[in-house]
>>> print(open('run_11.cif').read())   # mmCIF, C-alpha atoms
data_target
#
loop_
_atom_site.label_atom_id
_atom_site.label_comp_id
_atom_site.auth_asym_id
_atom_site.auth_seq_id
_atom_site.Cartn_x
_atom_site.Cartn_y
_atom_site.Cartn_z
CA MET A 14 0.00 0.00 0.00
CA THR A 15 1.42 3.40 -0.96
CA ASP A 16 1.34 6.68 0.97
CA ASP A 17 -1.26 7.96 -1.51
CA ASP A 18 -3.48 4.94 -0.79
CA ILE A 19 -3.21 5.61 2.94
CA ALA A 20 -4.09 9.29 2.44
CA ILE A 21 -7.19 8.31 0.42
CA ILE A 22 -8.29 5.83 3.08
CA MET A 23 -7.85 8.43 5.87
CA ASP A 24 -9.78 11.04 3.90
CA LYS A 25 -12.68 8.71 3.13
CA LEU A 26 -12.82 7.45 6.71
CA GLU A 27 -12.94 11.00 8.06
CA ILE A 28 -15.70 11.95 5.61
CA LEU A 29 -17.86 8.94 6.46
CA ILE A 30 -17.46 9.38 10.22
CA SER A 31 -17.95 13.14 10.23
CA HIS A 32 -21.21 12.90 8.28
CA SER A 33 -22.68 10.04 10.26
CA PRO A 34 -25.93 11.29 11.85
CA ILE A 35 -25.22 9.15 14.90
CA TYR A 36 -21.76 10.68 15.36
CA ILE A 37 -23.05 14.23 14.89
CA ARG A 38 -25.92 13.68 17.34
CA GLU A 39 -23.74 12.03 19.99
CA ARG A 40 -20.51 14.04 19.69
CA GLY A 41 -21.06 17.16 17.61
CA LEU A 42 -19.02 18.40 14.71
CA ASP A 43 -16.26 19.94 16.80
CA THR A 44 -15.11 16.64 18.28
CA LEU A 45 -13.80 14.77 15.25
CA PHE A 46 -10.04 14.53 15.64
CA MET A 47 -8.75 12.84 12.57
CA ALA A 48 -5.00 13.13 12.49
CA SER A 49 -3.57 15.34 9.77
CA ARG A 50 -0.15 13.71 10.02
CA LEU A 51 0.25 11.53 6.97
CA VAL A 52 1.07 7.97 7.86
CA SER A 53 3.84 6.50 5.78
CA ALA A 54 3.56 3.04 4.33
CA ASP A 55 7.09 2.45 5.67
CA ASP A 56 6.15 3.25 9.30
CA GLY A 57 5.64 0.40 11.71
CA SER A 58 2.30 0.11 13.51
CA ASP A 59 3.73 1.46 16.80
CA GLU A 60 5.22 4.47 14.99
CA CYS A 61 1.89 5.14 13.26
CA ILE A 62 -0.15 4.91 16.45
CA TYR A 63 2.29 7.11 18.38
CA GLY A 64 2.43 9.77 15.65
CA LEU A 65 -1.34 9.86 15.14
CA SER A 66 -1.96 10.00 18.89
CA GLU A 67 0.43 12.95 19.22
CA ASP A 68 -1.37 14.79 16.42
CA ILE A 69 -4.79 14.17 17.96
CA ASN A 70 -3.61 15.30 21.41
CA ILE A 71 -2.36 18.58 19.95
CA LYS A 72 -5.76 19.15 18.30
CA ILE A 73 -7.60 18.39 21.55
CA GLY A 74 -5.45 20.95 23.38
CA LYS A 75 -6.14 23.63 20.76
CA LEU A 76 -9.88 22.93 20.85
CA SER A 77 -9.92 23.12 24.63
CA ASP A 78 -8.45 26.63 24.43
CA LYS A 79 -11.03 27.71 21.84
CA ARG A 80 -14.00 26.46 23.87
CA HIS A 81 -13.34 29.17 26.46
CA HIS A 82 -14.02 31.93 23.92
CA ALA A 83 -17.09 34.00 24.86
CA TYR A 84 -18.79 33.44 21.48
CA TYR A 85 -17.73 29.81 20.99
CA LYS A 86 -21.16 28.17 21.45
CA ASP A 87 -22.93 30.66 19.20
CA TYR A 88 -20.35 30.39 16.45
CA LEU A 89 -20.25 26.62 16.75
CA GLN A 90 -24.01 26.51 16.26
CA VAL A 91 -23.61 28.50 13.03
CA ARG A 92 -20.76 26.25 11.90
CA ASN A 93 -22.68 23.07 12.70
CA SER A 94 -25.65 24.34 10.71
CA MET A 95 -23.37 25.22 7.82
CA TYR A 96 -21.84 21.74 7.77
CA CYS A 97 -25.23 20.03 8.08
CA GLU A 98 -26.87 22.20 5.42
CA PRO A 99 -24.13 23.39 3.05
CA GLY A 100 -26.63 23.76 0.20
CA LYS A 101 -28.45 26.53 2.04
CA GLU A 102 -27.68 30.06 0.93
CA TRP A 103 -25.15 31.27 3.52
CA ASP A 104 -24.36 34.94 3.90
CA ALA A 105 -21.72 36.10 6.38
CA GLN A 106 -23.21 39.63 6.43
CA LYS A 107 -26.65 38.31 7.45
CA THR A 108 -25.11 36.01 10.03
CA CYS A 109 -23.14 38.84 11.65
CA ARG A 110 -26.31 40.95 11.78
CA ASP A 111 -28.01 38.05 13.61
CA PHE A 112 -25.24 38.33 16.23
CA GLN A 113 -25.51 42.13 16.18
CA LEU A 114 -21.82 42.37 15.39
CA SER A 115 -19.95 44.27 12.75
CA TYR A 116 -18.92 42.29 9.70
CA GLY A 117 -15.23 42.78 10.50
CA HIS A 118 -15.63 41.66 14.10
CA PHE A 119 -17.65 38.60 13.05
CA ARG A 120 -15.04 37.57 10.47
CA ALA A 121 -12.10 38.07 12.83
CA THR A 122 -13.79 36.19 15.67
CA TYR A 123 -14.82 33.31 13.40
CA LYS A 124 -11.26 32.92 12.13
CA ASP A 125 -9.87 33.19 15.67
CA ILE A 126 -12.16 30.43 16.93
CA PHE A 127 -11.95 27.98 14.02
CA GLY A 128 -8.67 28.91 12.35
CA ILE A 129 -10.37 29.39 8.98
CA SER A 130 -12.40 32.20 7.44
CA PHE A 131 -16.19 31.91 7.26
CA HIS A 132 -16.06 31.83 3.46
CA GLN A 133 -13.33 29.17 3.28
CA ASP A 134 -15.16 27.10 5.90
CA LEU A 135 -18.33 27.31 3.81
CA ILE A 136 -16.42 26.00 0.81
CA MET A 137 -14.94 23.21 2.94
CA SER A 138 -18.41 22.28 4.22
CA ARG A 139 -19.72 22.07 0.66
CA ILE A 140 -16.81 19.98 -0.60
CA SER A 141 -17.03 17.75 2.48
CA MET A 142 -20.73 17.11 1.83
CA ALA A 143 -19.98 16.47 -1.84
CA LYS A 144 -17.37 13.87 -0.86
CA TYR A 145 -19.86 12.23 1.49
CA LEU A 146 -22.56 12.09 -1.20
CA LEU A 147 -20.06 10.72 -3.71
CA LEU A 148 -19.09 7.94 -1.30
CA SER A 149 -22.51 7.08 0.07
CA THR A 150 -24.94 7.55 -2.82
CA VAL A 151 -25.29 7.04 -6.55
CA ILE A 152 -26.62 10.57 -7.08
CA GLY A 153 -25.26 12.19 -10.23
CA ILE A 154 -22.70 14.99 -10.17
CA PRO A 155 -25.19 17.72 -11.22
CA ALA A 156 -27.53 16.83 -8.34
CA ILE A 157 -24.65 16.67 -5.86
CA SER A 158 -23.44 20.05 -7.07
CA PHE A 159 -26.90 21.54 -6.51
CA LYS A 160 -27.35 19.83 -3.09
CA CYS A 161 -24.07 21.35 -1.96
CA GLY A 162 -25.08 24.89 -2.86
CA TYR A 163 -23.51 25.29 -6.30
CA THR A 164 -25.60 26.73 -9.11
CA ASP A 165 -22.84 26.14 -11.67
CA GLU A 166 -21.80 22.50 -12.02
CA LYS A 167 -18.56 23.39 -13.83
CA TYR A 168 -17.56 25.77 -11.04
CA PHE A 169 -18.27 23.00 -8.52
CA MET A 170 -16.10 20.57 -10.47
CA ARG A 171 -13.22 23.07 -10.72
CA GLN A 172 -13.43 23.86 -7.00
CA PHE A 173 -13.65 20.17 -6.07
CA ARG A 174 -10.58 19.38 -8.15
CA ARG A 175 -8.63 22.34 -6.76
CA LEU A 176 -9.31 21.26 -3.17
CA THR A 177 -9.07 17.48 -3.51
CA GLY A 178 -6.72 16.97 -6.43
CA SER A 179 -9.24 14.80 -8.27
CA THR A 180 -12.48 15.13 -10.15
CA PRO A 181 -15.72 14.14 -8.42
CA ASN A 182 -15.99 11.03 -10.62
CA SER A 183 -12.44 9.89 -9.93
CA TYR A 184 -12.95 10.51 -6.20
CA ARG A 185 -16.10 8.39 -6.26
CA ASN A 186 -14.47 5.62 -8.27
CA SER A 187 -11.14 5.46 -6.43
CA THR A 188 -10.86 2.13 -4.67
CA ILE A 189 -8.22 0.76 -2.38
#
>>> encode(input="run_11.cif", output="structure tokens")
Amino acid sequence: MTDDDIAIIMDKLEILISHSPIYIRERGLDTLFMASRLVSADDGSDECIYGLSEDINIKIGKLSDKRHHAYYKDYLQVRNSMYCEPGKEWDAQKTCRDFQLSYGHFRATYKDIFGISFHQDLIMSRISMAKYLLLSTVIGIPAISFKCGYTDEKYFMRQFRRLTGSTPNSYRNSTI
């Protein structure tokens, strides 16, 4: 098994777990700690487990710090909604008005809490849902594009490829 095969397996496992209704209901979207450290095919099992455990422990520590932020629960609710319903029309300006915050303050706080901008997180939520639908359904690419909030299928396909390195069809058909 190559390093690329391992990366594909880790990605697909994270997608399937993070979109499981049972996992979301029981744990919430902020508790998935998939390791970002790429496991090498040459590593022994002890090395892999140690390295992945270290990576997960670092993520847990960072999350623990973020949970103390005054707006954490409110922003997490927005983020959870965005990841559960990425096809909905999301507008950062409307969301910040709901919080009665300035647009700049909302954007800065969101990035401080989650380490990613609202807009980039929205894109990630849409691509994540697209991956899940590609893995778990036989829905066609145009319907997946629409379900994930894209009105232009070609734009969806370009964005998917830019973020994943593969087309939606090749992602769906890649087998290990």
>>> atom_distance(input="run_11.cif", atom1="atom CA of Phe169 of chain A", atom2="atom CA of Ala156 of chain A")
11.1 Å
>>> atom_distance(input="run_11.cif", atom1="atom CA of Thr122 of chain A", atom2="atom CA of Gly162 of chain A")
24.5 Å
>>> closest_residue(input="run_11.cif", among="A:Leu114, A:Ala83, A:Ile140, A:Ile30", to="Arg171 of chain A", atoms="only C-alpha atoms")
A:Ile140
>>> closest_residue(input="run_11.cif", among="A:Arg92, A:Arg175, A:Arg110, A:Lys160", to="Leu135 of chain A", atoms="all atoms listed in the file")
A:Arg92
>>> resolve_selection(input="run_11.cif", expression="the PyMOL selection byres ((chain A and resi 182) around 12)", output="JSON, numbers by chain")
{"A": [143, 144, 146, 147, 148, 151, 152, 153, 154, 155, 157, 170, 173, 174, 177, 178, 179, 180, 181, 183, 184, 185, 186, 187, 188]}
>>> write_last_selection(input="run_11.cif", atoms="C-alpha atoms", output="CSV table (one decimal), in the frame of the given file")
chain,number,residue,atom,x,y,z
A,143,ALA,CA,-20.0,16.5,-1.8
A,144,LYS,CA,-17.4,13.9,-0.9
A,146,LEU,CA,-22.6,12.1,-1.2
A,147,LEU,CA,-20.1,10.7,-3.7
A,148,LEU,CA,-19.1,7.9,-1.3
A,151,VAL,CA,-25.3,7.0,-6.6
A,152,ILE,CA,-26.6,10.6,-7.1
A,153,GLY,CA,-25.3,12.2,-10.2
A,154,ILE,CA,-22.7,15.0,-10.2
A,155,PRO,CA,-25.2,17.7,-11.2
A,157,ILE,CA,-24.6,16.7,-5.9
A,170,MET,CA,-16.1,20.6,-10.5
A,173,PHE,CA,-13.6,20.2,-6.1
A,174,ARG,CA,-10.6,19.4,-8.2
A,177,THR,CA,-9.1,17.5,-3.5
A,178,GLY,CA,-6.7,17.0,-6.4
A,179,SER,CA,-9.2,14.8,-8.3
A,180,THR,CA,-12.5,15.1,-10.2
A,181,PRO,CA,-15.7,14.1,-8.4
A,183,SER,CA,-12.4,9.9,-9.9
A,184,TYR,CA,-13.0,10.5,-6.2
A,185,ARG,CA,-16.1,8.4,-6.3
A,186,ASN,CA,-14.5,5.6,-8.3
A,187,SER,CA,-11.1,5.5,-6.4
A,188,THR,CA,-10.9,2.1,-4.7
>>> atom_distance(input="run_11.cif", atom1="atom CA of Met137 of chain A", atom2="atom CA of Gly117 of chain A")
21.0 Å
>>> residues_around(input="run_11.cif", residues="Tyr96 of chain A", least_positions_apart="4", cutoff="9 Å", atoms="all atoms listed in the file", output="list in words")
His32, Leu42, Val91, Arg92, Asp134, Leu135, Met137, Ser138, Arg139, Ser141 and Met142 of chain A
>>> closest_residue(input="run_11.cif", among="A:Ser94, A:Tyr84, A:Pro99, A:Asp16", to="His118 of chain A", atoms="only C-alpha atoms")
A:Tyr84
>>> closest_residue(input="run_11.cif", among="A:Ala121, A:Ile28, A:Ile19, A:Ile126", to="Ala105 of chain A", atoms="only C-alpha atoms")
A:Ala121
>>> closest_residue(input="run_11.cif", among="A:Arg120, A:Gln90, A:Gln133, A:Tyr163", to="Glu102 of chain A", atoms="only C-alpha atoms")
A:Tyr163
>>> closest_residue(input="run_11.cif", among="A:Ile22, A:Glu60, A:Thr15, A:Leu29", to="Thr150 of chain A", atoms="only C-alpha atoms")
A:Leu29
